[in-house]
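Have a look at the structure below before the remarks.
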Amino acid sequence: MNFVNVGLIGVIPPPRPDMNAPVEDPAQEVKRLQRCISDLVSLLALPAVWSGNELSQIVQILLDALLRMLNLDFICARLKNPVDAGLLEILRVSDSCKLRIPPQDISRVLNGWFGVDGEKSLPAIRHRFGDEDISIFPVPLGVHGESGMIVVGSDRLDFPGLTDSLLLSVAANQASIGLQEARLLAEQKRITHELDRRVAERTAELAAANDELRKEIVERKLAEERLRHEELELKRSESHKAAIVDSSVDCIVAIDHEGRITEFNPAAEHTFGHRRSDVLGRPLADVIIPPSLREKHRTGFARYLATGDSRVLGRRVEMNALCSDGREIPVELTITRIPQDGLPAFTGHLRDITERKRSEDALRLAHAQVLRSEERWRSVFENSAVGVALTDLDGRFIATNLVYQKMLGYTEDELQQLTFLDITHEENVEENRTLIGELLDEKRQQVQIEKQYRRKDGQPVWVRNNVSVVPGTERVPRFLMAISEDVTHRKLSEEALARARSELAKVARITSLGVLTASIAHEINQPLSGIITNASTCLRMLSADPPNVDGAQETVRRTIRDGNRVSDVITRLRTLYSRKEPSLESMDLNEATREVTAVSLSELQRSGVMLRYELAHDLPPVVADRVQLQQVILNLLRNAADAMGTTDDRPRELLIRTERDEENHVRLSVKDSGVGFAPQTAEKIFEPFYTTKTDGMGIGLSISRSIVEAHQGRLWATPNDGPGATFSFAIPCTLEGLSDAETRVDRSEPATDAA
Amino acid sequence: MDVSHGMPHGFVMESPKGRGGNEGLLLSVVVDDDESVRESLPDLLREFGFAAQAFSSAEEFLSSGCLDETSCLILDIAMPGMSGPELQQELKRRGREIPIIFITGRTDDTVRARVLKQGAAGFLLKPFSDSNLLAAIKVALHRT
């Protein structure tokens with residue numbers, strides 16, 4: 001047999017001549033049959049592929065082959081798919097038939113052969129389609145058509161012929177065999193598949209079971225591992241805890257329900273002086289509780305065990321504990337109950353607090369000291385005799401004491417709203433601000449300010465302030481502190497004193513003027529007396545009989561001379577007092593001295609005083625008030641004369657000396673040989689109202705001193721090596737702070753020489 | 001010594017103790033350190049009818065040898081050396097009862113009181129009038 005390789009393409013038999021033609025030559029018929037059979041052989045090959053290929057495709061190929069082979073008009077197959085038991089229906093219509101009969105009609109008609117269950121089928125019939133009759137011939141597949149049905153249609157009258165039937169039955173057999181085989185194959189496949197599946201399933205099951213087992217083993221291993229680990233942890237934790245207990249600095253003591261010691265850590269051993277092994281099992285009360293407290297402990301313990309009520313459990317208490325050497329030490333104690341089932345057990349933590357108590361006491365003491373010190377300083381602040389004010393660096397008041405508040409008439413609260421510049425008098429504000437600035441810039445350590453505050457009631461008050469910066473600490477920033485003294489009184493008395501002094505100077509002027517006047521009066525008196533005497537004499541002489549003209553002439557001459565003497569005095573006085581108001585001018589001290597001595601010379605001489613001069617030739621001019629200086633010189637001369645007034649065992653010598661003094665000063669000294677003075681009164685004599693004279697006011701020297709000091713000079717007295725004293729003053733040639741315009745150089749008046 | 005001739009006007013002098021030497025005129029002595037006084041007073045005294053002498057210091061007078069003859073002393077208070085009051089004391093010490101009239105340019109009540117208490121016959125303030133002086137001298141001489 002030639003097997004044609006069918007493949008998927010299928011077999012396409014070559015086109016056949018028209019089968020409707022009447023039977024020809026039997027030889028040809030034989031040929032035809034042979035050909036058909038060979039075709040069928042090839043068709044036999046078909047089932048081999050039925051199982052492998054798409055069923056519908058194979059059926060189609062078969063139907064197409066039959067359609068051509070038998071020259072059918074149509075052929076339809078309906079069969080059960082052996083593989084999936086589905087129903088397959090395929091209709092093939094020849095091209096020529098398609099032209100004549102619509103396929104829908106064919107299908108419709110064929111339904112009758114297939115029906116519902118395919119078993120009951122119609123026999124072959126001739127059916128009319130339109131204007132043709134077609135022979136419809138069913139071909140069951142399988143013995144009873146259980147495999148399916150093929151229905152063929154042909155318009156040949158003699159259809160189906162023998163050949164046709166033969167061919168159809170062969171095809172049908174083959175088809176049904178093929179189908180069977182396909183079914184069997186499919187079944188086989190299915191079974192194999194099923195088997196495979198089952199095997200796979202089983203294998204999978206086994207694998208799963210194996211996996212499970214393995215997993216279980218792993219888990220068990222893990223569990224074992226975990227257990228081991230936990231045991232290790234537990235051991236470690238336990239030893240850790242034990243180490244904690246052992247290394248604790250606090251004493252840890254554990255007791256059981258009977259109060260016997262079950263634990264005694266090294267710290268406890270050390271503190272109480274007992275070995276662990278010695279105390280384990282012994283009652284706590286006997287070991288570390290002092291005898292005085294044992295009863296209390298026992299009753300307390302018993303009460304707790306009975307009632308669960310405890311005064312000491314879970315709280316820190318302080319009590320005394322007993323050491324092995326009999327000492328009692330203060331301890332801090334905490335007792336806790338160990339949480340566990342069954343009989344109670346307790347842990348006690350004890351700490352030796354001897355040191356702590358000691359430092360607590362020291363701290364308390366120190367604290368008390370600090371408080372005392374604070375109180376003391378507070379008291380100083382509050383009760384200070386002077387005002388104390390603290391301000392911040394902007395000058396705002398932080399704290400003030402009562403004295404300060406009273407001084408200003410403000411309350412502390414009111415002051416805390418102000419700065420010190422707010423209450424300072426306008427005139428002093430600038431200077432104040434500058435000084436405080438220097439203080440804050442650390443150019444000075446402290447500043448002193450005398451200034452006026454304005455009180456709350458508007459009244460001014462003079463104060464003298466000492467201000468310093470108080471350095472900061474870690475808690476407190478730096479601030480200003482002012483010690484404030486009310487100097488209103490002093491200022492007022494200073495002013496009063498200044499006023500009094502000027503009054504006094506005025507008086508002194510007048511007084512010394514009075515003295516001067518007396519001196520002048522005396523100077524004038526003498527010649528005046530002479531004039532009157534001579535004139536009287538003249539009258540008498542002229543009225544004698546005969547008149548004594550010569551004598552009279554002499555008296556007149558003497559009169560004129562005396563008159564001139566007076567005139568001289570007047571002239572000198574005029575020179576001396578030609579200035580209406582005192583003023584500074586450049587003057588020659590020598591000249592001024594000579595003028596003074598001229599006025600008082602005769603009087604001095606009458607007092608038996610011998611006047612000597614040592615006036616420096618190179619004395620520079622000095623800027624001073626001429627009149628005032630002469631007052632001073634006169635005063636000194638007078639004093640010198642008075643000092644010598646009672647000495648008659650030695651000559652009364654008065655030396656006036658002028659000289660240049662260092663640093664552009666001139667000095668005048670009046671040295672006498674009088675009674676002198678005790679060194680300790682050297683300063684006292686310059687005090688006002690100090691006098692040794694019965695007829696003196698005692699203001700001359702004090703006034704003289706103020707005049708000299710007003711000239712920026714000084715006046716002093718020294719006892720001589722011999723008897724008497726020397727009074728000296730030294731004044732600068734030029735006064736500081738004076739411009740040239742303020743001093744007049746007046747050398748217009750003539751220098752008159754003393755007599 | 002300048003002795004004026006002729007009797008003073010209206011003035012009759014008699015030397016009570018009959019001291020001679022100056023033709024029966026009484027001697028007035030002036031002691032004053034002031035030159036103009038020494039020049040003017042003696043002439044006036046002479047016009048009064050006295051013999052007059054002037055000394056510039058108490059010492060000069062004491063060593064002059066005129067003490068016995070001096071009927072009246074016109075004495076300045078303030079003088080270099082021995083002062084007027086001191087001379088008064090000295091004369092007293094020597095037992096010389098010469099009437100003294102003090103003259104001075106300065107008022108000083110204390111001194112005035114003192115010298116008067118010590119027996120001065122008069123106390124005159126310069127400048128004084130001639131009539132005042134004359135009256136004082138009269139009083140002084142009347143005492144003795």
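Ligands are numbered from 1 in the order shown, chains are lettered A, B, ... in the order of the structure tokens, and residues start at 1 in each chain.
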With a cut-off of 10 Å, could you pull out the residues of chain A touching chain B and give me the nearest pair of atoms for each, distance in Å to one decimal, using only C-alpha atoms, ordered by chain and ascending number, as a Markdown table?
| residue | atom | partner | partner_atom | distance |
| --- | --- | --- | --- | --- |
| A:Ala518 | CA | B:Arg106 | CA | 8.0 |
| A:Ser519 | CA | B:Arg106 | CA | 9.3 |
| A:Ala521 | CA | B:Gly105 | CA | 8.3 |
| A:His522 | CA | B:Gly105 | CA | 5.8 |
| A:Glu523 | CA | B:Gly105 | CA | 8.8 |
| A:Ile524 | CA | B:Gly105 | CA | 9.3 |
| A:Asn525 | CA | B:Gly105 | CA | 6.2 |
| A:Gln526 | CA | B:Gly105 | CA | 6.9 |
| A:Pro527 | CA | B:Ser36 | CA | 6.7 |
| A:Leu528 | CA | B:Pro127 | CA | 6.2 |
| A:Ser529 | CA | B:Pro127 | CA | 3.9 |
| A:Gly530 | CA | B:Ser36 | CA | 5.5 |
| A:Ile531 | CA | B:Ser40 | CA | 8.3 |
| A:Ile532 | CA | B:Ser129 | CA | 6.8 |
| A:Thr533 | CA | B:Ser40 | CA | 6.0 |
| A:Asn534 | CA | B:Ser40 | CA | 5.3 |
| A:Ala535 | CA | B:Ser40 | CA | 9.1 |
| A:Ser536 | CA | B:Asp130 | CA | 6.1 |
| A:Thr537 | CA | B:Leu44 | CA | 4.8 |
| A:Cys538 | CA | B:Leu44 | CA | 8.3 |
| A:Leu539 | CA | B:Glu47 | CA | 9.7 |
| A:Arg540 | CA | B:Glu47 | CA | 6.4 |
| A:Met541 | CA | B:Glu47 | CA | 6.9 |
| A:Ser543 | CA | B:His9 | CA | 9.5 |
| A:Ala544 | CA | B:His9 | CA | 7.9 |
| A:Asp545 | CA | B:Gly6 | CA | 9.1 |
| A:Asn548 | CA | B:Ser4 | CA | 9.9 |
| A:Gly551 | CA | B:Asp43 | CA | 8.2 |
| A:Ala552 | CA | B:Asp43 | CA | 9.7 |
| A:Glu554 | CA | B:Ser40 | CA | 9.4 |
| A:Thr555 | CA | B:Ser40 | CA | 7.1 |
| A:Arg558 | CA | B:Ser36 | CA | 7.5 |
| A:Thr559 | CA | B:Ser40 | CA | 8.9 |
| A:Arg561 | CA | B:Ser36 | CA | 8.9 |
| A:Asp562 | CA | B:Ser36 | CA | 7.3 |
| A:Ser602 | CA | B:Asp34 | CA | 9.3 |
| A:Glu603 | CA | B:Ala78 | CA | 9.1 |
| A:Leu604 | CA | B:Pro80 | CA | 9.1 |
| A:Gln605 | CA | B:Pro80 | CA | 6.6 |
| A:Arg606 | CA | B:Met79 | CA | 5.0 |
| A:Ser607 | CA | B:Pro80 | CA | 5.6 |
| A:Gly608 | CA | B:Pro80 | CA | 4.0 |
| A:Val609 | CA | B:Pro80 | CA | 7.6 |
| A:Met610 | CA | B:Pro80 | CA | 9.7 |
| A:Asp648 | CA | B:Gly81 | CA | 8.3 |
| A:Pro651 | CA | B:Gly81 | CA | 9.7 |
| A:Arg652 | CA | B:Pro80 | CA | 9.9 |
Let's have the selection written as a short mmCIF file (atom, residue, chain, number, x, y, z; two decimals), in the first residue's frame, with N, CA and C atoms.
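The file below, selection.cif, is the result:
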data_model
loop_
_atom_site.label_atom_id
_atom_site.label_comp_id
_atom_site.auth_asym_id
_atom_site.auth_seq_id
_atom_site.Cartn_x
_atom_site.Cartn_y
_atom_site.Cartn_z
N ALA A 518 43.13 154.92 111.53
CA ALA A 518 43.74 155.36 112.79
C ALA A 518 45.20 155.74 112.56
N SER A 519 45.80 154.84 111.74
CA SER A 519 47.19 155.12 111.44
C SER A 519 47.34 156.45 110.69
N ALA A 521 45.18 158.85 110.64
CA ALA A 521 44.78 159.95 111.53
C ALA A 521 45.96 160.40 112.38
N HIS A 522 46.65 159.40 112.83
CA HIS A 522 47.81 159.70 113.66
C HIS A 522 48.86 160.48 112.87
N GLU A 523 49.04 160.00 111.63
CA GLU A 523 50.03 160.67 110.79
C GLU A 523 49.66 162.13 110.54
N ILE A 524 48.36 162.34 110.43
CA ILE A 524 47.92 163.72 110.15
C ILE A 524 47.89 164.55 111.43
N ASN A 525 47.58 163.88 112.46
CA ASN A 525 47.41 164.55 113.74
C ASN A 525 48.64 165.33 114.20
N GLN A 526 49.73 164.67 114.03
CA GLN A 526 50.97 165.29 114.52
C GLN A 526 51.20 166.67 113.88
N PRO A 527 51.27 166.69 112.56
CA PRO A 527 51.50 168.00 111.97
C PRO A 527 50.36 168.99 112.27
N LEU A 528 49.16 168.43 112.34
CA LEU A 528 48.01 169.30 112.63
C LEU A 528 48.18 169.96 113.99
N SER A 529 48.57 169.14 114.92
CA SER A 529 48.82 169.65 116.26
C SER A 529 49.88 170.76 116.23
N GLY A 530 50.90 170.46 115.42
CA GLY A 530 51.97 171.45 115.28
C GLY A 530 51.45 172.77 114.72
N ILE A 531 50.55 172.62 113.71
CA ILE A 531 50.00 173.82 113.06
C ILE A 531 49.27 174.68 114.08
N ILE A 532 48.44 174.01 114.87
CA ILE A 532 47.63 174.78 115.83
C ILE A 532 48.50 175.44 116.89
N THR A 533 49.45 174.64 117.35
CA THR A 533 50.35 175.22 118.36
C THR A 533 51.09 176.43 117.81
N ASN A 534 51.66 176.23 116.60
CA ASN A 534 52.42 177.34 116.00
C ASN A 534 51.54 178.55 115.74
N ALA A 535 50.35 178.30 115.26
CA ALA A 535 49.43 179.43 114.98
C ALA A 535 49.08 180.16 116.26
N SER A 536 48.83 179.38 117.29
CA SER A 536 48.50 180.02 118.59
C SER A 536 49.67 180.86 119.06
N THR A 537 50.82 180.24 118.93
CA THR A 537 52.03 180.96 119.34
C THR A 537 52.19 182.24 118.52
N CYS A 538 51.93 182.10 117.25
CA CYS A 538 52.06 183.25 116.35
C CYS A 538 51.18 184.40 116.82
N LEU A 539 49.96 184.11 117.12
CA LEU A 539 49.00 185.13 117.61
C LEU A 539 49.53 185.81 118.85
N ARG A 540 49.96 185.02 119.75
CA ARG A 540 50.46 185.59 121.02
C ARG A 540 51.65 186.51 120.77
N MET A 541 52.54 185.98 119.88
CA MET A 541 53.73 186.78 119.62
C MET A 541 53.37 188.10 118.97
N SER A 543 50.64 189.73 119.25
CA SER A 543 49.89 190.63 120.13
C SER A 543 50.72 191.07 121.33
N ALA A 544 51.98 190.68 121.31
CA ALA A 544 52.85 191.18 122.41
C ALA A 544 53.18 192.65 122.13
N ASP A 545 53.66 193.30 123.07
CA ASP A 545 54.01 194.72 122.94
C ASP A 545 55.48 194.88 123.32
N ASN A 548 56.43 190.31 118.48
CA ASN A 548 57.63 189.52 118.19
C ASN A 548 57.51 188.97 116.78
N GLY A 551 59.76 186.00 115.84
CA GLY A 551 59.21 184.76 116.40
C GLY A 551 58.00 184.28 115.61
N ALA A 552 57.13 185.29 115.32
CA ALA A 552 55.91 184.95 114.57
C ALA A 552 56.27 184.35 113.22
N GLU A 554 58.80 182.73 112.44
CA GLU A 554 59.27 181.35 112.62
C GLU A 554 58.10 180.40 112.78
N THR A 555 57.14 180.86 113.59
CA THR A 555 55.97 179.97 113.80
C THR A 555 55.24 179.75 112.49
N ARG A 558 57.00 177.19 110.42
CA ARG A 558 56.79 175.84 110.95
C ARG A 558 55.39 175.36 110.57
N THR A 559 54.44 176.33 110.60
CA THR A 559 53.06 176.00 110.21
C THR A 559 53.01 175.48 108.78
N ARG A 561 55.32 174.24 107.03
CA ARG A 561 56.00 172.94 106.93
C ARG A 561 55.09 171.81 107.39
N ASP A 562 54.43 172.05 108.49
CA ASP A 562 53.50 171.03 108.99
C ASP A 562 52.36 170.79 108.02
N SER A 602 56.06 156.09 110.72
CA SER A 602 56.22 156.88 111.94
C SER A 602 55.61 156.18 113.14
N GLU A 603 54.50 155.54 112.86
CA GLU A 603 53.86 154.82 113.97
C GLU A 603 54.73 153.68 114.44
N LEU A 604 55.30 153.02 113.45
CA LEU A 604 56.18 151.91 113.78
C LEU A 604 57.36 152.40 114.61
N GLN A 605 57.87 153.51 114.17
CA GLN A 605 59.03 154.06 114.87
C GLN A 605 58.66 154.44 116.30
N ARG A 606 57.47 155.01 116.43
CA ARG A 606 56.98 155.38 117.76
C ARG A 606 56.86 154.17 118.65
N SER A 607 56.56 153.06 118.02
CA SER A 607 56.50 151.82 118.79
C SER A 607 57.88 151.27 119.08
N GLY A 608 58.86 152.02 118.63
CA GLY A 608 60.23 151.61 118.90
C GLY A 608 60.70 150.52 117.97
N VAL A 609 60.03 150.45 116.83
CA VAL A 609 60.38 149.37 115.90
C VAL A 609 61.36 149.88 114.88
N MET A 610 62.41 149.09 114.70
CA MET A 610 63.38 149.45 113.67
C MET A 610 63.09 148.64 112.42
N ASP A 648 61.25 144.33 125.83
CA ASP A 648 62.16 145.45 125.97
C ASP A 648 63.56 145.02 126.38
N PRO A 651 66.41 144.54 121.05
CA PRO A 651 65.93 145.52 120.08
C PRO A 651 64.73 144.97 119.31
N ARG A 652 63.81 145.92 119.00
CA ARG A 652 62.62 145.55 118.23
C ARG A 652 62.95 145.74 116.76
#
Contacts of A:Ile731 at 10 Å (only C-alpha atoms; same-chain gap of 5+ positions) as a PyMOL selection string:
chain A and resi 622-624+661+664-668+708-715
Those residues with C-alpha atoms, as a JSON list (two decimals), in the first residue's frame please?
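What landed in out.json:
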[["chain", "number", "residue", "atom", "x", "y", "z"],
["A", 622, "VAL", "CA", 52.98, 140.14, 89.76],
["A", 623, "VAL", "CA", 49.32, 140.16, 88.78],
["A", 624, "ALA", "CA", 47.33, 140.96, 91.92],
["A", 661, "ASP", "CA", 60.28, 132.24, 94.71],
["A", 664, "ASN", "CA", 57.33, 131.91, 88.94],
["A", 665, "HIS", "CA", 56.25, 133.09, 92.37],
["A", 666, "VAL", "CA", 57.21, 136.09, 94.45],
["A", 667, "ARG", "CA", 57.55, 135.97, 98.19],
["A", 668, "LEU", "CA", 57.30, 138.63, 100.89],
["A", 708, "VAL", "CA", 46.51, 135.50, 99.58],
["A", 709, "GLU", "CA", 44.73, 132.28, 98.76],
["A", 710, "ALA", "CA", 42.39, 134.16, 96.47],
["A", 711, "HIS", "CA", 45.55, 135.05, 94.61],
["A", 712, "GLN", "CA", 46.38, 131.35, 94.36],
["A", 713, "GLY", "CA", 49.17, 131.85, 96.87],
["A", 714, "ARG", "CA", 49.74, 130.83, 100.43],
["A", 715, "LEU", "CA", 50.41, 132.58, 103.71]]
Between atom CA of A:Ser704 and atom CA of A:Trp716, measure the distance and give it in Å to one decimal.
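Straight-line distance from atom CA of A:Ser704 to atom CA of A:Trp716 works out to 10.3 Å.
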Looking only at strand (DSSP E) from DSSP on the backbone, list the matching residues of stretch 414-659 of chain A as a ChimeraX atom specification.
/A:446-454,460-470,479-486,584-587,610-615,622-625,653-659
Tell me, in Å to one decimal, how far atom CA of A:Ala306 is from atom CA of A:His257.
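Taking atom CA of A:Ala306 as the start and atom CA of A:His257 as the end point, the length is 11.3 Å.
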Taking the chain letters and numbering used in this document, name the residues of stretch 435-646 of chain A that DSSP puts in helix (DSSP H, G or I), as a short mmCIF file (atom, residue, chain, number, x, y, z; two decimals) with C-alpha atoms, in the first residue's frame.
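Once written, result-v7.cif looks like this:
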data_model
loop_
_atom_site.label_atom_id
_atom_site.label_comp_id
_atom_site.auth_asym_id
_atom_site.auth_seq_id
_atom_site.Cartn_x
_atom_site.Cartn_y
_atom_site.Cartn_z
CA LEU A 435 31.47 110.19 84.45
CA ILE A 436 29.25 107.13 84.47
CA GLY A 437 30.32 106.47 80.91
CA GLU A 438 33.96 106.47 81.99
CA LEU A 439 33.04 104.12 84.78
CA LEU A 440 31.35 101.67 82.44
CA THR A 488 22.72 119.74 101.64
CA HIS A 489 23.65 120.85 105.11
CA ARG A 490 27.29 121.02 104.30
CA LYS A 491 26.63 122.75 101.01
CA LEU A 492 24.40 125.24 102.71
CA SER A 493 26.92 125.85 105.44
CA GLU A 494 29.64 126.07 102.83
CA GLU A 495 27.61 128.67 101.07
CA ALA A 496 26.87 130.36 104.35
CA LEU A 497 30.53 130.22 105.21
CA ALA A 498 31.48 131.67 101.87
CA ARG A 499 28.96 134.40 102.40
CA ALA A 500 30.21 134.98 105.93
CA ARG A 501 33.77 135.05 104.71
CA SER A 502 33.01 137.65 102.15
CA GLU A 503 31.11 139.62 104.73
CA LEU A 504 34.04 139.23 107.02
CA ALA A 505 36.42 140.33 104.35
CA LYS A 506 34.25 143.32 103.82
CA VAL A 507 34.26 143.99 107.50
CA ALA A 508 37.92 143.37 107.67
CA ARG A 509 38.45 145.76 104.88
CA ILE A 510 36.56 148.26 106.79
CA THR A 511 38.29 147.28 109.99
CA SER A 512 41.70 147.31 108.57
CA LEU A 513 40.66 150.42 106.89
CA GLY A 514 39.71 151.57 110.32
CA VAL A 515 43.08 150.55 111.53
CA LEU A 516 44.56 152.24 108.57
CA THR A 517 42.49 155.26 109.27
CA ALA A 518 43.74 155.36 112.79
CA SER A 519 47.19 155.12 111.44
CA ILE A 520 46.48 157.82 108.92
CA ALA A 521 44.78 159.95 111.53
CA HIS A 522 47.81 159.70 113.66
CA GLU A 523 50.03 160.67 110.79
CA ILE A 524 47.92 163.72 110.15
CA ASN A 525 47.41 164.55 113.74
CA GLN A 526 50.97 165.29 114.52
CA PRO A 527 51.50 168.00 111.97
CA LEU A 528 48.01 169.30 112.63
CA SER A 529 48.82 169.65 116.26
CA GLY A 530 51.97 171.45 115.28
CA ILE A 531 50.00 173.82 113.06
CA ILE A 532 47.63 174.78 115.83
CA THR A 533 50.35 175.22 118.36
CA ASN A 534 52.42 177.34 116.00
CA ALA A 535 49.43 179.43 114.98
CA SER A 536 48.50 180.02 118.59
CA THR A 537 52.03 180.96 119.34
CA CYS A 538 52.06 183.25 116.35
CA LEU A 539 49.00 185.13 117.61
CA ARG A 540 50.46 185.59 121.02
CA MET A 541 53.73 186.78 119.62
CA LEU A 542 52.05 189.27 117.34
CA VAL A 549 57.66 189.50 114.45
CA ASP A 550 60.69 187.31 114.12
CA GLY A 551 59.21 184.76 116.40
CA ALA A 552 55.91 184.95 114.57
CA GLN A 553 57.63 184.40 111.27
CA GLU A 554 59.27 181.35 112.62
CA THR A 555 55.97 179.97 113.80
CA VAL A 556 54.44 180.62 110.40
CA ARG A 557 57.30 178.84 108.69
CA ARG A 558 56.79 175.84 110.95
CA THR A 559 53.06 176.00 110.21
CA ILE A 560 53.65 175.78 106.49
CA ARG A 561 56.00 172.94 106.93
CA ASP A 562 53.50 171.03 108.99
CA GLY A 563 50.84 171.75 106.46
CA ASN A 564 53.00 170.24 103.79
CA ARG A 565 53.49 167.21 105.90
CA VAL A 566 49.77 166.70 106.04
CA SER A 567 49.55 167.26 102.35
CA ASP A 568 52.08 164.54 101.78
CA VAL A 569 50.07 162.13 103.80
CA ILE A 570 46.94 163.00 101.89
CA THR A 571 48.74 162.59 98.60
CA ARG A 572 50.05 159.23 99.62
CA LEU A 573 46.62 158.21 100.69
CA ARG A 574 45.19 159.31 97.42
CA THR A 575 47.74 157.23 95.61
CA LEU A 576 46.97 154.34 97.83
CA TYR A 577 43.21 154.55 97.47
CA LEU A 589 55.49 144.18 95.03
CA ASN A 590 58.44 146.26 96.20
CA GLU A 591 56.70 149.47 95.30
CA ALA A 592 53.52 148.42 97.05
CA THR A 593 55.51 147.48 100.12
CA ARG A 594 57.22 150.84 100.23
CA GLU A 595 53.90 152.63 100.00
CA VAL A 596 52.55 150.70 102.95
CA THR A 597 55.54 151.21 105.12
CA ALA A 598 55.49 154.90 104.27
CA VAL A 599 52.04 155.18 105.69
CA SER A 600 52.86 153.35 108.87
CA LEU A 601 56.50 154.16 109.33
CA SER A 602 56.22 156.88 111.94
CA GLU A 603 53.86 154.82 113.97
CA LEU A 604 56.18 151.91 113.78
CA GLN A 605 59.03 154.06 114.87
CA ARG A 606 56.98 155.38 117.76
CA ARG A 626 47.17 146.04 94.88
CA VAL A 627 44.93 147.29 97.63
CA GLN A 628 44.30 143.87 99.03
CA LEU A 629 47.95 142.92 99.04
CA GLN A 630 48.80 146.11 100.83
CA GLN A 631 46.17 145.30 103.38
CA VAL A 632 47.94 142.03 103.96
CA ILE A 633 51.33 143.65 104.25
CA LEU A 634 49.99 146.23 106.65
CA ASN A 635 48.39 143.53 108.73
CA LEU A 636 51.66 141.65 108.92
CA LEU A 637 53.55 144.76 109.88
CA ARG A 638 51.04 145.63 112.56
CA ASN A 639 51.18 142.12 113.97
CA ALA A 640 54.93 142.19 113.96
CA ALA A 641 54.96 145.48 115.78
CA ASP A 642 52.43 144.26 118.31
CA ALA A 643 54.43 141.12 118.88
#
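Take atom CA of A:Ile252 and atom CA of A:Thr271: the distance between them is 10.7 Å.
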All residues 7 Å or closer to B:Pro99, only C-alpha atoms, same chain fewer than 5 positions away omitted, as number ranges by chain:
B: 72-73, 120-121, 140
With N, CA and C atoms kept, could you save the residues just selected as a PDB file, in the first residue's frame?
ATOM      1  N   CYS B  72      57.038 171.644 135.596  1.00  0.00           N
ATOM      2  CA  CYS B  72      55.888 170.995 134.914  1.00  0.00           C
ATOM      3  C   CYS B  72      56.417 170.245 133.698  1.00  0.00           C
ATOM      4  N   LEU B  73      55.825 169.137 133.460  1.00  0.00           N
ATOM      5  CA  LEU B  73      56.300 168.277 132.361  1.00  0.00           C
ATOM      6  C   LEU B  73      55.164 168.063 131.354  1.00  0.00           C
ATOM      7  N   ALA B 120      48.615 161.723 137.082  1.00  0.00           N
ATOM      8  CA  ALA B 120      48.863 162.748 136.069  1.00  0.00           C
ATOM      9  C   ALA B 120      47.949 163.927 136.318  1.00  0.00           C
ATOM     10  N   ALA B 121      48.478 165.105 136.004  1.00  0.00           N
ATOM     11  CA  ALA B 121      47.719 166.335 136.239  1.00  0.00           C
ATOM     12  C   ALA B 121      46.788 166.623 135.082  1.00  0.00           C
ATOM     13  N   ALA B 140      47.703 172.073 136.932  1.00  0.00           N
ATOM     14  CA  ALA B 140      48.838 171.253 137.379  1.00  0.00           C
ATOM     15  C   ALA B 140      49.658 171.991 138.424  1.00  0.00           C
TER      16      ALA B 140
END
With a distance cut-off of 8 Å and only C-alpha atoms, select the neighbouring residues of A:Arg455, excluding the residue or stretch itself and same-chain residues fewer than 4 positions from it, and output the selection as a PyMOL selection string.
chain A and resi 407-410+423+459-461
With distances taken over only C-alpha atoms, which of B:Val31, B:Ala54, B:Leu62, B:Ile100 is nearest to B:Val115?
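Among the listed residues, B:Ile100 lies closest to B:Val115.
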Name the residues in contact with A:Ala725 at a cut-off of 10 Å, using only C-alpha atoms, excluding same-chain residues fewer than 6 positions from it; report them as a ChimeraX atom specification.
/A:640,643,670-678,717-719
